[in-house]
file protein-v1.txt (compact mmCIF, N, CA and C atoms and all ligand atoms)
# COMPACT_ATOMS: atom_id res chain seq x y z
N MET A 10 -41.83 126.83 50.55
CA MET A 10 -41.47 125.42 50.66
C MET A 10 -41.43 124.78 49.27
N LYS A 11 -40.38 124.08 49.02
CA LYS A 11 -40.25 123.36 47.74
C LYS A 11 -40.84 121.97 47.89
N ILE A 12 -41.48 121.54 46.81
CA ILE A 12 -42.08 120.21 46.81
C ILE A 12 -41.50 119.42 45.64
N GLY A 13 -41.22 118.15 45.89
CA GLY A 13 -40.68 117.29 44.85
C GLY A 13 -41.77 116.43 44.23
N LEU A 14 -41.56 116.09 42.99
CA LEU A 14 -42.44 115.14 42.31
C LEU A 14 -41.57 114.17 41.53
N THR A 15 -41.87 112.89 41.65
CA THR A 15 -41.20 111.87 40.84
C THR A 15 -42.24 111.26 39.91
N ARG A 16 -41.99 111.34 38.62
CA ARG A 16 -42.92 110.83 37.62
C ARG A 16 -42.23 109.69 36.87
N ALA A 17 -42.92 108.56 36.71
CA ALA A 17 -42.31 107.38 36.10
C ALA A 17 -42.76 107.17 34.66
N TYR A 18 -41.84 106.69 33.85
CA TYR A 18 -42.08 106.38 32.44
C TYR A 18 -41.39 105.05 32.13
N HIS A 19 -41.80 104.44 31.04
CA HIS A 19 -41.20 103.16 30.64
C HIS A 19 -40.90 103.17 29.15
N PHE A 20 -39.81 102.51 28.81
CA PHE A 20 -39.56 102.24 27.39
C PHE A 20 -38.71 100.96 27.30
N CYS A 21 -38.76 100.35 26.12
CA CYS A 21 -37.99 99.14 25.86
C CYS A 21 -36.96 99.47 24.80
N ALA A 22 -35.74 99.01 25.02
CA ALA A 22 -34.70 99.27 24.02
C ALA A 22 -33.61 98.21 24.17
N ALA A 23 -32.79 98.11 23.13
CA ALA A 23 -31.68 97.16 23.15
C ALA A 23 -30.37 97.92 23.10
N HIS A 24 -29.35 97.30 23.66
CA HIS A 24 -28.01 97.90 23.57
C HIS A 24 -26.95 96.81 23.61
N ARG A 25 -25.75 97.23 23.30
CA ARG A 25 -24.58 96.36 23.42
C ARG A 25 -23.46 97.18 24.00
N LEU A 26 -22.80 96.63 25.02
CA LEU A 26 -21.68 97.34 25.64
C LEU A 26 -20.40 96.94 24.90
N HIS A 27 -19.79 97.93 24.28
CA HIS A 27 -18.63 97.65 23.42
C HIS A 27 -17.82 98.93 23.25
N VAL A 28 -16.52 98.82 23.45
CA VAL A 28 -15.61 99.95 23.23
C VAL A 28 -14.83 99.66 21.95
N ALA A 29 -15.03 100.51 20.94
CA ALA A 29 -14.47 100.24 19.61
C ALA A 29 -12.95 100.13 19.64
N GLU A 30 -12.31 100.89 20.53
CA GLU A 30 -10.85 100.91 20.57
C GLU A 30 -10.27 99.65 21.22
N PHE A 31 -11.08 98.87 21.90
CA PHE A 31 -10.59 97.67 22.58
C PHE A 31 -10.73 96.46 21.67
N SER A 32 -9.89 95.46 21.92
CA SER A 32 -9.99 94.19 21.18
C SER A 32 -11.27 93.47 21.59
N ASP A 33 -11.66 92.48 20.77
CA ASP A 33 -12.83 91.67 21.12
C ASP A 33 -12.62 90.97 22.46
N ALA A 34 -11.40 90.47 22.68
CA ALA A 34 -11.13 89.76 23.93
C ALA A 34 -11.24 90.70 25.13
N LYS A 35 -10.74 91.91 24.97
CA LYS A 35 -10.80 92.87 26.08
C LYS A 35 -12.24 93.30 26.34
N ASN A 36 -13.01 93.49 25.28
CA ASN A 36 -14.43 93.82 25.46
C ASN A 36 -15.18 92.70 26.17
N GLN A 37 -14.88 91.47 25.78
CA GLN A 37 -15.56 90.33 26.39
C GLN A 37 -15.20 90.22 27.87
N ALA A 38 -13.91 90.46 28.17
CA ALA A 38 -13.47 90.38 29.56
C ALA A 38 -14.11 91.50 30.39
N LEU A 39 -14.26 92.66 29.79
CA LEU A 39 -14.78 93.82 30.50
C LEU A 39 -16.29 93.74 30.70
N PHE A 40 -17.01 93.37 29.65
CA PHE A 40 -18.47 93.47 29.68
C PHE A 40 -19.19 92.13 29.73
N GLY A 41 -18.47 91.01 29.53
CA GLY A 41 -19.11 89.70 29.59
C GLY A 41 -20.23 89.57 28.57
N LYS A 42 -21.35 88.98 29.00
CA LYS A 42 -22.44 88.72 28.05
C LYS A 42 -23.07 90.01 27.53
N CYS A 43 -22.85 91.11 28.22
CA CYS A 43 -23.38 92.40 27.73
C CYS A 43 -22.66 92.86 26.47
N ASN A 44 -21.55 92.16 26.12
CA ASN A 44 -20.82 92.46 24.89
C ASN A 44 -21.22 91.54 23.74
N ASN A 45 -22.13 90.60 23.96
CA ASN A 45 -22.53 89.69 22.87
C ASN A 45 -22.91 90.49 21.63
N PRO A 46 -22.53 89.98 20.45
CA PRO A 46 -22.55 90.82 19.24
C PRO A 46 -23.89 91.43 18.86
N HIS A 47 -24.97 90.76 19.11
CA HIS A 47 -26.25 91.27 18.58
C HIS A 47 -27.09 92.00 19.62
N GLY A 48 -26.48 92.35 20.75
CA GLY A 48 -27.18 93.17 21.73
C GLY A 48 -28.19 92.38 22.55
N HIS A 49 -28.81 93.07 23.47
CA HIS A 49 -29.84 92.49 24.34
C HIS A 49 -30.75 93.63 24.80
N GLY A 50 -31.93 93.25 25.25
CA GLY A 50 -32.92 94.27 25.55
C GLY A 50 -33.15 94.48 27.04
N HIS A 51 -33.69 95.63 27.34
CA HIS A 51 -34.12 95.95 28.71
C HIS A 51 -35.47 96.64 28.67
N ASN A 52 -36.22 96.44 29.72
CA ASN A 52 -37.41 97.25 29.96
C ASN A 52 -36.98 98.34 30.93
N TYR A 53 -36.67 99.49 30.40
CA TYR A 53 -36.15 100.57 31.23
C TYR A 53 -37.29 101.28 31.95
N ARG A 54 -37.04 101.60 33.19
CA ARG A 54 -37.96 102.46 33.95
C ARG A 54 -37.23 103.77 34.18
N LEU A 55 -37.85 104.84 33.75
CA LEU A 55 -37.26 106.17 33.86
C LEU A 55 -38.05 106.97 34.88
N GLU A 56 -37.35 107.60 35.80
CA GLU A 56 -38.01 108.49 36.75
C GLU A 56 -37.45 109.90 36.56
N ILE A 57 -38.36 110.83 36.43
CA ILE A 57 -38.00 112.24 36.31
C ILE A 57 -38.39 112.90 37.62
N VAL A 58 -37.41 113.52 38.26
CA VAL A 58 -37.65 114.16 39.56
C VAL A 58 -37.57 115.67 39.37
N VAL A 59 -38.65 116.35 39.69
CA VAL A 59 -38.63 117.82 39.65
C VAL A 59 -38.88 118.34 41.07
N ARG A 60 -38.46 119.57 41.30
CA ARG A 60 -38.63 120.16 42.62
C ARG A 60 -38.84 121.66 42.46
N GLY A 61 -39.92 122.14 43.04
CA GLY A 61 -40.18 123.57 42.89
C GLY A 61 -41.24 124.05 43.85
N ASN A 62 -41.62 125.29 43.64
CA ASN A 62 -42.61 125.90 44.52
C ASN A 62 -44.01 125.42 44.17
N LEU A 63 -44.81 125.30 45.19
CA LEU A 63 -46.21 124.98 44.98
C LEU A 63 -46.90 126.18 44.33
N ASP A 64 -47.59 125.91 43.22
CA ASP A 64 -48.37 126.97 42.58
C ASP A 64 -49.62 127.20 43.41
N GLN A 65 -49.74 128.41 43.97
CA GLN A 65 -50.84 128.65 44.92
C GLN A 65 -52.20 128.70 44.21
N THR A 66 -52.19 128.92 42.91
CA THR A 66 -53.45 128.95 42.16
C THR A 66 -53.94 127.54 41.83
N THR A 67 -53.03 126.71 41.32
CA THR A 67 -53.42 125.37 40.89
C THR A 67 -53.25 124.33 41.99
N GLY A 68 -52.46 124.66 43.00
CA GLY A 68 -52.19 123.69 44.05
C GLY A 68 -51.23 122.59 43.61
N ARG A 69 -50.54 122.82 42.50
CA ARG A 69 -49.63 121.79 41.98
C ARG A 69 -48.21 122.33 41.87
N VAL A 70 -47.28 121.39 41.77
CA VAL A 70 -45.87 121.78 41.62
C VAL A 70 -45.50 121.84 40.14
N VAL A 71 -46.20 121.07 39.30
CA VAL A 71 -45.92 121.07 37.85
C VAL A 71 -47.18 120.65 37.11
N ASP A 72 -47.30 121.12 35.89
CA ASP A 72 -48.38 120.68 35.01
C ASP A 72 -48.00 119.29 34.48
N LEU A 73 -48.64 118.27 35.00
CA LEU A 73 -48.23 116.90 34.66
C LEU A 73 -48.41 116.60 33.17
N ALA A 74 -49.47 117.11 32.57
CA ALA A 74 -49.69 116.86 31.14
C ALA A 74 -48.57 117.48 30.31
N ALA A 75 -48.14 118.67 30.71
CA ALA A 75 -47.04 119.34 29.99
C ALA A 75 -45.74 118.58 30.19
N LEU A 76 -45.50 118.11 31.40
CA LEU A 76 -44.30 117.30 31.67
C LEU A 76 -44.33 116.02 30.83
N ASP A 77 -45.47 115.36 30.80
CA ASP A 77 -45.59 114.11 30.02
C ASP A 77 -45.32 114.36 28.54
N THR A 78 -45.83 115.46 28.03
CA THR A 78 -45.63 115.75 26.60
C THR A 78 -44.14 115.87 26.30
N ILE A 79 -43.42 116.60 27.14
CA ILE A 79 -41.99 116.78 26.91
C ILE A 79 -41.23 115.46 27.02
N VAL A 80 -41.50 114.71 28.07
CA VAL A 80 -40.74 113.47 28.28
C VAL A 80 -41.11 112.44 27.21
N ASN A 81 -42.37 112.38 26.86
CA ASN A 81 -42.76 111.40 25.84
C ASN A 81 -42.20 111.75 24.47
N GLU A 82 -42.22 113.04 24.12
CA GLU A 82 -41.72 113.44 22.80
C GLU A 82 -40.21 113.37 22.71
N ARG A 83 -39.53 113.83 23.75
CA ARG A 83 -38.07 113.93 23.69
C ARG A 83 -37.35 112.62 24.03
N ILE A 84 -37.98 111.79 24.87
CA ILE A 84 -37.28 110.62 25.39
C ILE A 84 -37.97 109.32 25.01
N VAL A 85 -39.18 109.14 25.44
CA VAL A 85 -39.81 107.82 25.29
C VAL A 85 -39.98 107.48 23.80
N SER A 86 -40.56 108.38 23.03
CA SER A 86 -40.74 108.10 21.60
C SER A 86 -39.40 107.95 20.88
N TYR A 87 -38.42 108.69 21.34
CA TYR A 87 -37.09 108.68 20.72
C TYR A 87 -36.36 107.37 20.94
N LEU A 88 -36.57 106.76 22.11
CA LEU A 88 -35.79 105.58 22.49
C LEU A 88 -36.56 104.27 22.40
N ASP A 89 -37.87 104.32 22.46
CA ASP A 89 -38.65 103.09 22.59
C ASP A 89 -38.52 102.20 21.36
N HIS A 90 -38.23 100.91 21.62
CA HIS A 90 -38.09 99.90 20.56
C HIS A 90 -36.98 100.23 19.56
N ARG A 91 -35.90 100.82 20.10
CA ARG A 91 -34.73 101.13 19.27
C ARG A 91 -33.54 100.29 19.72
N TYR A 92 -32.60 100.12 18.79
CA TYR A 92 -31.29 99.57 19.13
C TYR A 92 -30.39 100.79 19.36
N ILE A 93 -30.13 101.06 20.63
CA ILE A 93 -29.50 102.32 21.02
C ILE A 93 -28.18 102.55 20.27
N ASN A 94 -27.36 101.51 20.13
CA ASN A 94 -26.04 101.67 19.51
C ASN A 94 -26.12 102.19 18.08
N GLU A 95 -27.13 101.77 17.36
CA GLU A 95 -27.19 102.08 15.93
C GLU A 95 -28.27 103.08 15.56
N ASP A 96 -29.34 103.12 16.32
CA ASP A 96 -30.48 103.96 15.92
C ASP A 96 -30.44 105.37 16.51
N ILE A 97 -29.68 105.55 17.58
CA ILE A 97 -29.74 106.82 18.32
C ILE A 97 -28.47 107.62 18.03
N ALA A 98 -28.66 108.80 17.47
CA ALA A 98 -27.53 109.60 16.96
C ALA A 98 -26.46 109.84 18.02
N GLU A 99 -26.87 110.11 19.24
CA GLU A 99 -25.90 110.45 20.29
C GLU A 99 -24.93 109.30 20.58
N PHE A 100 -25.29 108.09 20.16
CA PHE A 100 -24.46 106.94 20.50
C PHE A 100 -23.53 106.51 19.37
N LYS A 101 -23.47 107.32 18.32
CA LYS A 101 -22.48 107.01 17.27
C LYS A 101 -21.07 107.08 17.84
N THR A 102 -20.89 107.95 18.83
CA THR A 102 -19.54 108.14 19.40
C THR A 102 -19.51 107.90 20.91
N ARG A 103 -20.56 107.32 21.46
CA ARG A 103 -20.58 107.12 22.91
C ARG A 103 -20.91 105.67 23.22
N ILE A 104 -20.53 105.24 24.40
CA ILE A 104 -20.77 103.86 24.82
C ILE A 104 -22.21 103.77 25.34
N ALA A 105 -22.90 102.70 24.96
CA ALA A 105 -24.34 102.60 25.24
C ALA A 105 -24.63 102.02 26.62
N THR A 106 -23.86 102.45 27.62
CA THR A 106 -24.20 102.04 28.98
C THR A 106 -25.42 102.84 29.46
N THR A 107 -26.01 102.37 30.51
CA THR A 107 -27.19 103.07 31.03
C THR A 107 -26.78 104.37 31.73
N GLU A 108 -25.57 104.44 32.24
CA GLU A 108 -25.08 105.71 32.78
C GLU A 108 -25.06 106.79 31.69
N VAL A 109 -24.51 106.41 30.53
CA VAL A 109 -24.43 107.37 29.43
C VAL A 109 -25.83 107.67 28.89
N LEU A 110 -26.67 106.66 28.85
CA LEU A 110 -28.05 106.90 28.43
C LEU A 110 -28.70 107.96 29.33
N GLY A 111 -28.43 107.89 30.61
CA GLY A 111 -28.95 108.90 31.52
C GLY A 111 -28.42 110.29 31.21
N GLU A 112 -27.14 110.38 30.84
CA GLU A 112 -26.58 111.68 30.44
C GLU A 112 -27.26 112.23 29.20
N VAL A 113 -27.51 111.35 28.25
CA VAL A 113 -28.17 111.78 27.01
C VAL A 113 -29.60 112.25 27.31
N ILE A 114 -30.27 111.53 28.18
CA ILE A 114 -31.63 111.95 28.56
C ILE A 114 -31.58 113.33 29.22
N ARG A 115 -30.62 113.54 30.09
CA ARG A 115 -30.48 114.86 30.73
C ARG A 115 -30.27 115.96 29.69
N GLU A 116 -29.37 115.73 28.75
CA GLU A 116 -29.10 116.73 27.71
C GLU A 116 -30.35 117.03 26.89
N ARG A 117 -31.06 115.98 26.52
CA ARG A 117 -32.24 116.17 25.66
C ARG A 117 -33.37 116.88 26.40
N LEU A 118 -33.47 116.66 27.69
CA LEU A 118 -34.52 117.35 28.45
C LEU A 118 -34.13 118.80 28.73
N LEU A 119 -32.88 119.02 29.14
CA LEU A 119 -32.46 120.40 29.47
C LEU A 119 -32.52 121.31 28.24
N ALA A 120 -32.35 120.73 27.06
CA ALA A 120 -32.36 121.54 25.83
C ALA A 120 -33.72 122.18 25.58
N VAL A 121 -34.77 121.61 26.14
CA VAL A 121 -36.12 122.13 25.86
C VAL A 121 -36.89 122.43 27.15
N TRP A 122 -36.20 122.40 28.28
CA TRP A 122 -36.90 122.53 29.57
C TRP A 122 -37.53 123.92 29.69
N PRO A 123 -38.83 124.01 29.87
CA PRO A 123 -39.46 125.34 29.92
C PRO A 123 -39.00 126.14 31.15
N VAL A 124 -38.81 127.43 30.96
CA VAL A 124 -38.38 128.26 32.09
C VAL A 124 -39.45 128.29 33.18
N ALA A 125 -40.70 128.08 32.79
CA ALA A 125 -41.78 128.12 33.78
C ALA A 125 -41.85 126.84 34.62
N PHE A 126 -41.12 125.83 34.22
CA PHE A 126 -41.17 124.55 34.94
C PHE A 126 -40.36 124.62 36.24
N PRO A 127 -40.71 123.77 37.20
CA PRO A 127 -39.82 123.62 38.35
C PRO A 127 -38.49 123.02 37.90
N LYS A 128 -37.52 123.11 38.77
CA LYS A 128 -36.17 122.60 38.44
C LYS A 128 -36.20 121.10 38.18
N LEU A 129 -35.50 120.70 37.12
CA LEU A 129 -35.25 119.28 36.90
C LEU A 129 -34.16 118.88 37.90
N GLN A 130 -34.51 118.05 38.83
CA GLN A 130 -33.55 117.72 39.90
C GLN A 130 -32.71 116.50 39.58
N ASP A 131 -33.36 115.39 39.30
CA ASP A 131 -32.65 114.14 39.03
C ASP A 131 -33.34 113.38 37.91
N ILE A 132 -32.53 112.61 37.23
CA ILE A 132 -33.03 111.60 36.31
C ILE A 132 -32.59 110.26 36.88
N ARG A 133 -33.53 109.39 37.08
CA ARG A 133 -33.19 108.05 37.58
C ARG A 133 -33.59 107.06 36.50
N ILE A 134 -32.68 106.18 36.19
CA ILE A 134 -33.00 105.21 35.15
C ILE A 134 -32.65 103.81 35.66
N GLN A 135 -33.67 102.98 35.63
CA GLN A 135 -33.53 101.61 36.13
C GLN A 135 -33.44 100.67 34.93
N GLU A 136 -32.35 99.93 34.90
CA GLU A 136 -32.06 99.03 33.80
C GLU A 136 -32.56 97.64 34.12
N THR A 137 -32.32 97.22 35.35
CA THR A 137 -32.84 95.94 35.86
C THR A 137 -33.34 96.22 37.28
N LYS A 138 -33.92 95.22 37.88
CA LYS A 138 -34.42 95.43 39.24
C LYS A 138 -33.28 95.71 40.23
N ARG A 139 -32.06 95.38 39.83
CA ARG A 139 -30.93 95.56 40.74
C ARG A 139 -30.15 96.84 40.49
N ASN A 140 -30.35 97.44 39.34
CA ASN A 140 -29.55 98.62 38.96
C ASN A 140 -30.42 99.83 38.74
N GLN A 141 -30.16 100.90 39.46
CA GLN A 141 -30.76 102.17 39.12
C GLN A 141 -29.69 103.24 39.19
N PHE A 142 -29.54 103.98 38.11
CA PHE A 142 -28.56 105.06 38.05
C PHE A 142 -29.25 106.38 38.31
N VAL A 143 -28.58 107.24 39.04
CA VAL A 143 -29.14 108.55 39.37
C VAL A 143 -28.24 109.62 38.75
N ILE A 144 -28.83 110.43 37.87
CA ILE A 144 -28.08 111.47 37.16
C ILE A 144 -28.63 112.82 37.62
N PRO A 145 -27.86 113.57 38.37
CA PRO A 145 -28.33 114.91 38.78
C PRO A 145 -28.38 115.83 37.56
N SER A 146 -29.26 116.80 37.59
CA SER A 146 -29.39 117.68 36.43
C SER A 146 -28.19 118.61 36.31
N SER A 147 -27.51 118.86 37.42
CA SER A 147 -26.27 119.63 37.39
C SER A 147 -25.33 119.04 38.43
N ASP A 148 -24.03 119.36 38.29
CA ASP A 148 -23.03 118.71 39.16
C ASP A 148 -23.05 119.16 40.59
NI NI B 201 -27.77 95.61 29.29

call {"tool": "encode", "arguments": {"input": "protein-v1.txt", "output": "structure tokens"}}
result
Amino acid sequence: MKIGLTRAYHFCAAHRLHVAEFSDAKNQALFGKCNNPHGHGHNYRLEIVVRGNLDQTTGRVVDLAALDTIVNERIVSYLDHRYINEDIAEFKTRIATTEVLGEVIRERLLAVWPVAFPKLQDIRIQETKRNQFVIPSSD
């Protein structure tokens, strides 16, 4: 039997929604106040969902401390209190929407995901209380 675990993390960051190839007017029409020149902040809530076999020795599905170390080092420390558009290398050529942020988080986690870990199932990232994006680890 596979068991799922959802672990929550938080970070604060700023972004601006802007497509460089579009005119200022088109960006404003497309993104509204999210296109304002100096960005705006969010308190992001990140959920990491893993699913795997119960370890019969430990009675757990994952080593939570090991999971926390990976997520904190690769994601939370990397993004917390940053201006995503300018401070985060992956966004030099990508749009700083929360959907894309979720893709970047997936890439950064899969690059170091231990083989001994249960499967990374989903990344859920909540930008506001009304928006949560769900990024599956594979298509
Ligand atoms: Ni925003």

call {"tool": "closest_residue", "arguments": {"input": "protein-v1.txt", "among": "A:Ile57, A:Glu30, A:Leu88, A:Phe142", "to": "A:Gln130", "atoms": "only N, CA and C atoms"}}
result
A:Ile57

call {"tool": "closest_atom_pairs", "arguments": {"input": "protein-v1.txt", "of": "chain A", "to": "ligand NI 201 (chain B)", "cutoff": "6.5 Å", "atoms": "only N, CA and C atoms and all ligand atoms", "output": "JSON lines"}}
result
{"residue": "A:His24", "atom": "C", "partner": "B:NI201", "partner_atom": "NI", "distance": 5.9}
{"residue": "A:Cys43", "atom": "CA", "partner": "B:NI201", "partner_atom": "NI", "distance": 5.7}
{"residue": "A:His49", "atom": "C", "partner": "B:NI201", "partner_atom": "NI", "distance": 5.7}
{"residue": "A:Gly50", "atom": "C", "partner": "B:NI201", "partner_atom": "NI", "distance": 5.9}
{"residue": "A:His51", "atom": "N", "partner": "B:NI201", "partner_atom": "NI", "distance": 6.2}

call {"tool": "select_by_dssp", "arguments": {"input": "protein-v1.txt", "residues": "chain A", "states": "alpha helix (DSSP H)", "output": "JSON, numbers by chain"}}
result
{"A": [33, 34, 35, 36, 37, 38, 39, 40, 73, 74, 75, 76, 77, 78, 79, 80, 86, 87, 88, 93, 94, 95, 96, 107, 108, 109, 110, 111, 112, 113, 114, 115, 116, 117, 118, 119]}

call {"tool": "write_last_selection", "arguments": {"input": "protein-v1.txt", "atoms": "N, CA and C atoms", "output": "compact mmCIF listing (two decimals), in the coordinates of the input"}}
result
# COMPACT_ATOMS: atom_id res chain seq x y z
N ASP A 33 -11.66 92.48 20.77
CA ASP A 33 -12.83 91.67 21.12
C ASP A 33 -12.62 90.97 22.46
N ALA A 34 -11.40 90.47 22.68
CA ALA A 34 -11.13 89.76 23.93
C ALA A 34 -11.24 90.70 25.13
N LYS A 35 -10.74 91.91 24.97
CA LYS A 35 -10.80 92.87 26.08
C LYS A 35 -12.24 93.30 26.34
N ASN A 36 -13.01 93.49 25.28
CA ASN A 36 -14.43 93.82 25.46
C ASN A 36 -15.18 92.70 26.17
N GLN A 37 -14.88 91.47 25.78
CA GLN A 37 -15.56 90.33 26.39
C GLN A 37 -15.20 90.22 27.87
N ALA A 38 -13.91 90.46 28.17
CA ALA A 38 -13.47 90.38 29.56
C ALA A 38 -14.11 91.50 30.39
N LEU A 39 -14.26 92.66 29.79
CA LEU A 39 -14.78 93.82 30.50
C LEU A 39 -16.29 93.74 30.70
N PHE A 40 -17.01 93.37 29.65
CA PHE A 40 -18.47 93.47 29.68
C PHE A 40 -19.19 92.13 29.73
N LEU A 73 -48.64 118.27 35.00
CA LEU A 73 -48.23 116.90 34.66
C LEU A 73 -48.41 116.60 33.17
N ALA A 74 -49.47 117.11 32.57
CA ALA A 74 -49.69 116.86 31.14
C ALA A 74 -48.57 117.48 30.31
N ALA A 75 -48.14 118.67 30.71
CA ALA A 75 -47.04 119.34 29.99
C ALA A 75 -45.74 118.58 30.19
N LEU A 76 -45.50 118.11 31.40
CA LEU A 76 -44.30 117.30 31.67
C LEU A 76 -44.33 116.02 30.83
N ASP A 77 -45.47 115.36 30.80
CA ASP A 77 -45.59 114.11 30.02
C ASP A 77 -45.32 114.36 28.54
N THR A 78 -45.83 115.46 28.03
CA THR A 78 -45.63 115.75 26.60
C THR A 78 -44.14 115.87 26.30
N ILE A 79 -43.42 116.60 27.14
CA ILE A 79 -41.99 116.78 26.91
C ILE A 79 -41.23 115.46 27.02
N VAL A 80 -41.50 114.71 28.07
CA VAL A 80 -40.74 113.47 28.28
C VAL A 80 -41.11 112.44 27.21
N SER A 86 -40.56 108.38 23.03
CA SER A 86 -40.74 108.10 21.60
C SER A 86 -39.40 107.95 20.88
N TYR A 87 -38.42 108.69 21.34
CA TYR A 87 -37.09 108.68 20.72
C TYR A 87 -36.36 107.37 20.94
N LEU A 88 -36.57 106.76 22.11
CA LEU A 88 -35.79 105.58 22.49
C LEU A 88 -36.56 104.27 22.40
N ILE A 93 -30.13 101.06 20.63
CA ILE A 93 -29.50 102.32 21.02
C ILE A 93 -28.18 102.55 20.27
N ASN A 94 -27.36 101.51 20.13
CA ASN A 94 -26.04 101.67 19.51
C ASN A 94 -26.12 102.19 18.08
N GLU A 95 -27.13 101.77 17.36
CA GLU A 95 -27.19 102.08 15.93
C GLU A 95 -28.27 103.08 15.56
N ASP A 96 -29.34 103.12 16.32
CA ASP A 96 -30.48 103.96 15.92
C ASP A 96 -30.44 105.37 16.51
N THR A 107 -26.01 102.37 30.51
CA THR A 107 -27.19 103.07 31.03
C THR A 107 -26.78 104.37 31.73
N GLU A 108 -25.57 104.44 32.24
CA GLU A 108 -25.08 105.71 32.78
C GLU A 108 -25.06 106.79 31.69
N VAL A 109 -24.51 106.41 30.53
CA VAL A 109 -24.43 107.37 29.43
C VAL A 109 -25.83 107.67 28.89
N LEU A 110 -26.67 106.66 28.85
CA LEU A 110 -28.05 106.90 28.43
C LEU A 110 -28.70 107.96 29.33
N GLY A 111 -28.43 107.89 30.61
CA GLY A 111 -28.95 108.90 31.52
C GLY A 111 -28.42 110.29 31.21
N GLU A 112 -27.14 110.38 30.84
CA GLU A 112 -26.58 111.68 30.44
C GLU A 112 -27.26 112.23 29.20
N VAL A 113 -27.51 111.35 28.25
CA VAL A 113 -28.17 111.78 27.01
C VAL A 113 -29.60 112.25 27.31
N ILE A 114 -30.27 111.53 28.18
CA ILE A 114 -31.63 111.95 28.56
C ILE A 114 -31.58 113.33 29.22
N ARG A 115 -30.62 113.54 30.09
CA ARG A 115 -30.48 114.86 30.73
C ARG A 115 -30.27 115.96 29.69
N GLU A 116 -29.37 115.73 28.75
CA GLU A 116 -29.10 116.73 27.71
C GLU A 116 -30.35 117.03 26.89
N ARG A 117 -31.06 115.98 26.52
CA ARG A 117 -32.24 116.17 25.66
C ARG A 117 -33.37 116.88 26.40
N LEU A 118 -33.47 116.66 27.69
CA LEU A 118 -34.52 117.35 28.45
C LEU A 118 -34.13 118.80 28.73
N LEU A 119 -32.88 119.02 29.14
CA LEU A 119 -32.46 120.40 29.47
C LEU A 119 -32.52 121.31 28.24

call {"tool": "atom_distance", "arguments": {"input": "protein-v1.txt", "atom1": "atom N of A:Arg139", "atom2": "atom C of A:Lys11"}}
result
29.1 Å

call {"tool": "residues_near_point", "arguments": {"input": "protein-v1.txt", "point": "(-39.7, 116.4, 38.7)", "cutoff": "5 Å", "atoms": "all atoms listed in the file", "output": "CSV table (one decimal) with N, CA and C atoms, in the frame of the given file"}}
result
chain,number,residue,atom,x,y,z
A,14,LEU,N,-41.6,116.1,43.0
A,14,LEU,CA,-42.4,115.1,42.3
A,14,LEU,C,-41.6,114.2,41.5
A,57,ILE,N,-38.4,110.8,36.4
A,57,ILE,CA,-38.0,112.2,36.3
A,57,ILE,C,-38.4,112.9,37.6
A,58,VAL,N,-37.4,113.5,38.3
A,58,VAL,CA,-37.6,114.2,39.6
A,58,VAL,C,-37.6,115.7,39.4
A,59,VAL,N,-38.6,116.4,39.7
A,59,VAL,CA,-38.6,117.8,39.6
A,59,VAL,C,-38.9,118.3,41.1
A,60,ARG,N,-38.5,119.6,41.3
A,60,ARG,CA,-38.6,120.2,42.6
A,60,ARG,C,-38.8,121.7,42.5

call {"tool": "atom_distance", "arguments": {"input": "protein-v1.txt", "atom1": "atom CA of A:Val113", "atom2": "atom CA of A:Ile97"}}
result
10.1 Å

call {"tool": "atom_distance", "arguments": {"input": "protein-v1.txt", "atom1": "atom N of A:Gln135", "atom2": "atom N of A:Arg16"}}
result
12.2 Å

call {"tool": "closest_residue", "arguments": {"input": "protein-v1.txt", "among": "A:Gln65, A:Asn81, A:Thr102, A:Ser146", "to": "A:Arg133", "atoms": "only C-alpha atoms"}}
result
A:Ser146

call {"tool": "closest_residue", "arguments": {"input": "protein-v1.txt", "among": "A:Ser32, A:Asn52, A:Asn45, A:Asn62", "to": "A:Gly13", "atoms": "only C-alpha atoms"}}
result
A:Asn62

call {"tool": "closest_residue", "arguments": {"input": "protein-v1.txt", "among": "A:Val143, A:Ile79, A:Ala23, A:Ala74", "to": "A:Val121", "atoms": "only N, CA and C atoms"}}
result
A:Ile79

call {"tool": "closest_residue", "arguments": {"input": "protein-v1.txt", "among": "A:Ala125, A:Ala98, A:Leu76, A:Ile134", "to": "A:Phe20", "atoms": "only C-alpha atoms"}}
result
A:Ile134

call {"tool": "select_by_dssp", "arguments": {"input": "protein-v1.txt", "residues": "chain A", "states": "strand (DSSP E)", "output": "ChimeraX atom specification"}}
result
/A:11-24,49-62,91-92,128-137,140-145

call {"tool": "axis_aligned_box", "arguments": {"input": "protein-v1.txt", "around": "stretch 88-91 of chain A", "padding_each_side": "5 Å", "output": "JSON"}}
result
{"center_x": -36.1, "center_y": 103.3, "center_z": 20.9, "size_x": 15.1, "size_y": 16.9, "size_z": 13.3}

call {"tool": "closest_residue", "arguments": {"input": "protein-v1.txt", "among": "A:Lys138, A:Lys35, A:Pro127, A:Pro145", "to": "A:Asp72", "atoms": "only N, CA and C atoms"}}
result
A:Pro127

call {"tool": "residues_near_point", "arguments": {"input": "protein-v1.txt", "point": "(-20.0, 101.9, 26.7)", "cutoff": "9 Å", "atoms": "only C-alpha atoms", "output": "JSON, numbers by chain"}}
result
{"A": [25, 26, 27, 28, 103, 104, 105, 106, 107, 108, 109]}
